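Here the structure is laid out as structure tokens; the discussion comes afterwards.
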Amino acid sequence: MTPDFTSLAEFRSLLAEAPGPDAAAQQAAGARNAQLTKPAGSLGRLEDLAIWYAGWQGAERPALNRPQVLIFAGNHGVTARGISAFPPEVTVQMVANFKVGGAAINQLAAVAGAELTVHALDLDRPTRDFCEAPAMNEDELLAALRCGWDAVDPQADLLVTGEMGIGNTTSAAAIALALFGGEAADWVGRGTGLDDSGVARKAAVVTDAVALHHPGTGLETLRCLGGREIVAMAGAMARARVLGIPVLLDGFICCAAAACLAAESPTALDHAVAGHASAESAHPALLEKLGKPPLLGLGLRLGEGSGAALAIPLIRAAIACLSGMATFAEAGVADG
Ligand SMILES: O=C(O)c1ccc[n+]([C@@H]2O[C@H](COP(=O)([O-])O)[C@@H](O)[C@H]2O)c1
Ligand SMILES: Cc1cc2nc[nH]c2cc1C
């Protein structure tokens, strides 16, 4: 079991003191990879992925048996400002859909052989409109961090955190602007499908929000500008970091949550790889800031953990090659 936290200070120190990957296992996996029956480097990024995974699992020949997908849902007071193409009721309606297996992520998690659970956070109590006040108080921030933290299965061997929250691309854009600067327009996109005038309104909202708050830390950024589902994703990714469970990052909102952890500790995302680049216009720039090149680029802009879930089979394939291929010596193949 990982130790619990009851304060933001404890959360911060757990994150800062989280152990890194097993260097010996990573080195052994690298050495094994160099002897496998293929020209050196010919499996491209699959080789790096398998070696990265071997380090976190602590095994020269790792296995992926128990991927977990977590979906967090939250509602946002800022939706009153007309920043989404869909009404906020869709959040609770989609939670019902997730629970009966009718959403895209239900199909994608099943294809990937992943366990999926859905966690709705106080949907009848949206966060405050962050153009007027911080989205959450400290107790609310802690509660949402705990929800994410507690949702992680300590036996999982790969984690995807997904989200559902009408209005949350506005929150994610405000987080990105607060953390990385630039103009609101650099971070604002169409979300669920805003037209040009909607995007301009959304940019003005993001500008106002960031002018009101001066967060200074990753956790304070989450409190002022986040949503509960974004905070819960951060809590789950932090728990995975402490437990040494590798993470696949999803789209723009997931990466905004991850960016807040990176702002707290420079090693907070060492266990994370970007599953995909979303079609939300600022996602590639956010991935660049995180230093995380995406595995897939399929034009998805759904959220729900969908792009990351699609990358689970890629990780499986990388691991299968490292752990299952014969070496030149074993196969009696002449090396170069
Ligand atoms: O993951 C992404 O990059 C992504 C991009 C655009 C939209 N979404 C999803 O759409 C919702 C947010 O869009 P919006 O327009 O209501 O801010 C939320 O439920 C997200 O899961 C997700
Ligand atoms: C229908 C719908 C499904 C979603 N899944 C994630 N975000 C979403 C937004 C909408 C509008």
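Please note that chains go A, B, ... in the order of the structure tokens, that every chain numbers its residues from 1, and that ligands are numbered from 1 in the order shown.
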
Show me which residues sit within 7 Å of ligand 1 when counting only C-alpha atoms and all ligand atoms, and put them as number ranges by chain.
-> A: 83-86, 91, 163-170, 190-194, 250-254, 278-280, 283, 301-304

Point out the residue among A:Leu261, A:Val247, A:Leu300, A:Ala274 with the least atom-to-atom distance to ligand 2, counting only C-alpha atoms and all ligand atoms.
->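 Checking each candidate against ligand 2, we get A:Leu300 as the closest.
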
Write out as a VMD selection string all residues of stretch 87-242 of chain A that backbone DSSP assigns to strand (DSSP E).
-> chain A and resid 115 to 120 158 to 164

List every residue of stretch 86-124 of chain A that DSSP, applied to the backbone, labels as alpha helix (DSSP H), and write the result as a PyMOL selection string.
-> chain A and resi 89-99+104-112

For the selection just defined, write its residues with C-alpha atoms to a file, as a PDB file, in the first residue's frame.
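The file below, part-v6.pdb, is the result:
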```pdb
ATOM      1  CA  GLU A  89     -26.442  18.040 -18.564  1.00  0.00           C
ATOM      2  CA  VAL A  90     -24.524  15.920 -21.077  1.00  0.00           C
ATOM      3  CA  THR A  91     -21.903  15.147 -18.411  1.00  0.00           C
ATOM      4  CA  VAL A  92     -24.297  13.195 -16.163  1.00  0.00           C
ATOM      5  CA  GLN A  93     -26.022  11.653 -19.189  1.00  0.00           C
ATOM      6  CA  MET A  94     -22.681  10.364 -20.505  1.00  0.00           C
ATOM      7  CA  VAL A  95     -21.811   8.966 -17.065  1.00  0.00           C
ATOM      8  CA  ALA A  96     -24.987   6.857 -17.329  1.00  0.00           C
ATOM      9  CA  ASN A  97     -23.894   5.802 -20.814  1.00  0.00           C
ATOM     10  CA  PHE A  98     -20.409   4.790 -19.556  1.00  0.00           C
ATOM     11  CA  LYS A  99     -22.039   2.728 -16.812  1.00  0.00           C
ATOM     12  CA  ALA A 104     -16.635   4.792 -27.213  1.00  0.00           C
ATOM     13  CA  ILE A 105     -14.322   4.191 -24.250  1.00  0.00           C
ATOM     14  CA  ASN A 106     -16.289   1.079 -23.234  1.00  0.00           C
ATOM     15  CA  GLN A 107     -15.514  -0.443 -26.630  1.00  0.00           C
ATOM     16  CA  LEU A 108     -11.891   0.740 -26.730  1.00  0.00           C
ATOM     17  CA  ALA A 109     -11.115  -0.439 -23.185  1.00  0.00           C
ATOM     18  CA  ALA A 110     -12.616  -3.846 -24.023  1.00  0.00           C
ATOM     19  CA  VAL A 111     -10.527  -4.106 -27.208  1.00  0.00           C
ATOM     20  CA  ALA A 112      -7.425  -3.253 -25.144  1.00  0.00           C
TER      21      ALA A 112
END
```

Proximity to ligand 2 - best of A:Leu225, A:Ala9, A:Ala29, A:Ala103, only C-alpha atoms and all ligand atoms =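 Using only C-alpha atoms and all ligand atoms, the shortest distance to ligand 2 belongs to A:Ala103.
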
Long-range neighbours of stretch 287-294 of chain A as a list in words, 6 Å cut-off, only C-alpha atoms, 3 positions minimum in chain |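 Surrounding residues, per the criterion: Ala274, Gly275, His276, Ala277 and Pro284 of chain A.
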
Write the residues you've just listed into a file as an mmCIF file, in the first residue's frame, and include C-alpha atoms for each of them.
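File written: part_6.cif
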```cif
data_model
loop_
_atom_site.group_PDB
_atom_site.id
_atom_site.type_symbol
_atom_site.label_atom_id
_atom_site.label_comp_id
_atom_site.auth_asym_id
_atom_site.auth_seq_id
_atom_site.Cartn_x
_atom_site.Cartn_y
_atom_site.Cartn_z
ATOM 1 C CA ALA A 274 1.688 10.427 -24.513
ATOM 2 C CA GLY A 275 -0.808 8.026 -26.083
ATOM 3 C CA HIS A 276 -1.908 10.351 -28.867
ATOM 4 C CA ALA A 277 -2.102 13.880 -30.204
ATOM 5 C CA PRO A 284 0.505 19.418 -29.797
#
```

Within 12 Å of A:Leu179, counting only C-alpha atoms, which residues qualify if same-chain residues fewer than 6 places away don't, as a JSON list (two decimals) with N, CA and C atoms, in the first residue's frame?
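Writing done, so here's around-v3.json:
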```
[["chain", "number", "residue", "atom", "x", "y", "z"],
["A", 172, "ALA", "N", -8.94, 23.51, -19.12],
["A", 172, "ALA", "CA", -7.60, 23.05, -19.52],
["A", 172, "ALA", "C", -6.82, 24.17, -20.21],
["A", 173, "ALA", "N", -7.50, 24.98, -21.02],
["A", 173, "ALA", "CA", -6.83, 26.10, -21.70],
["A", 173, "ALA", "C", -6.36, 27.14, -20.68],
["A", 187, "TRP", "N", -4.09, 28.68, -26.65],
["A", 187, "TRP", "CA", -4.46, 27.47, -25.89],
["A", 187, "TRP", "C", -5.92, 27.08, -26.05],
["A", 210, "VAL", "N", -7.50, 33.99, -16.13],
["A", 210, "VAL", "CA", -6.07, 33.96, -15.78],
["A", 210, "VAL", "C", -5.63, 35.33, -15.23],
["A", 213, "HIS", "N", -6.55, 35.19, -11.33],
["A", 213, "HIS", "CA", -5.83, 34.30, -10.41],
["A", 213, "HIS", "C", -4.32, 34.33, -10.70],
["A", 214, "HIS", "N", -3.55, 34.20, -9.66],
["A", 214, "HIS", "CA", -2.08, 34.14, -9.84],
["A", 214, "HIS", "C", -1.58, 32.93, -9.06],
["A", 215, "PRO", "N", -1.83, 31.74, -9.59],
["A", 215, "PRO", "CA", -1.67, 30.53, -8.80],
["A", 215, "PRO", "C", -0.25, 30.24, -8.27],
["A", 216, "GLY", "N", 0.77, 30.32, -9.09],
["A", 216, "GLY", "CA", 2.13, 30.11, -8.56],
["A", 216, "GLY", "C", 2.60, 28.66, -8.43],
["A", 217, "THR", "N", 1.71, 27.70, -8.12],
["A", 217, "THR", "CA", 2.12, 26.29, -8.05],
["A", 217, "THR", "C", 1.14, 25.46, -8.88],
["A", 218, "GLY", "N", 1.54, 24.22, -9.16],
["A", 218, "GLY", "CA", 0.67, 23.33, -9.92],
["A", 218, "GLY", "C", -0.64, 23.05, -9.19],
["A", 219, "LEU", "N", -0.55, 22.78, -7.89],
["A", 219, "LEU", "CA", -1.77, 22.46, -7.13],
["A", 219, "LEU", "C", -2.69, 23.66, -7.01],
["A", 220, "GLU", "N", -2.10, 24.84, -6.85],
["A", 220, "GLU", "CA", -2.92, 26.05, -6.76],
["A", 220, "GLU", "C", -3.57, 26.35, -8.12],
["A", 221, "THR", "N", -2.87, 26.03, -9.19],
["A", 221, "THR", "CA", -3.45, 26.18, -10.54],
["A", 221, "THR", "C", -4.66, 25.26, -10.67],
["A", 222, "LEU", "N", -4.53, 24.03, -10.20],
["A", 222, "LEU", "CA", -5.68, 23.10, -10.23],
["A", 222, "LEU", "C", -6.84, 23.64, -9.40],
["A", 225, "LEU", "N", -8.29, 26.97, -11.28],
["A", 225, "LEU", "CA", -8.73, 26.91, -12.69],
["A", 225, "LEU", "C", -9.18, 25.51, -13.12],
["A", 256, "ALA", "N", -3.37, 18.71, -19.46],
["A", 256, "ALA", "CA", -3.38, 19.89, -18.59],
["A", 256, "ALA", "C", -3.26, 19.45, -17.13],
["A", 257, "ALA", "N", -3.94, 18.37, -16.77],
["A", 257, "ALA", "CA", -3.81, 17.82, -15.41],
["A", 257, "ALA", "C", -2.36, 17.39, -15.16],
["A", 258, "ALA", "N", -1.78, 16.70, -16.14],
["A", 258, "ALA", "CA", -0.40, 16.23, -16.00],
["A", 258, "ALA", "C", 0.56, 17.40, -15.86],
["A", 259, "ALA", "N", 0.30, 18.48, -16.59],
["A", 259, "ALA", "CA", 1.19, 19.66, -16.55],
["A", 259, "ALA", "C", 1.23, 20.26, -15.14],
["A", 260, "CYS", "N", 0.12, 20.17, -14.43],
["A", 260, "CYS", "CA", 0.10, 20.70, -13.06],
["A", 260, "CYS", "C", 0.99, 19.86, -12.15],
["A", 261, "LEU", "N", 1.04, 18.55, -12.38],
["A", 261, "LEU", "CA", 1.96, 17.70, -11.60],
["A", 261, "LEU", "C", 3.40, 18.01, -11.96],
["A", 262, "ALA", "N", 3.67, 18.21, -13.25],
["A", 262, "ALA", "CA", 5.04, 18.54, -13.69],
["A", 262, "ALA", "C", 5.50, 19.85, -13.07],
["A", 263, "ALA", "N", 4.55, 20.77, -12.86],
["A", 263, "ALA", "CA", 4.90, 22.05, -12.24],
["A", 263, "ALA", "C", 5.25, 21.87, -10.77],
["A", 264, "GLU", "N", 4.77, 20.79, -10.16],
["A", 264, "GLU", "CA", 5.08, 20.51, -8.76],
["A", 264, "GLU", "C", 6.41, 19.80, -8.59],
["A", 286, "LEU", "N", 0.97, 21.66, -26.10],
["A", 286, "LEU", "CA", 1.03, 21.23, -24.70],
["A", 286, "LEU", "C", 1.94, 20.01, -24.56],
["A", 289, "LYS", "N", 5.45, 21.19, -24.60],
["A", 289, "LYS", "CA", 5.85, 21.74, -23.29],
["A", 289, "LYS", "C", 6.17, 20.62, -22.30],
["A", 290, "LEU", "N", 5.43, 19.51, -22.40],
["A", 290, "LEU", "CA", 5.67, 18.40, -21.49],
["A", 290, "LEU", "C", 6.85, 17.53, -21.94]]
```
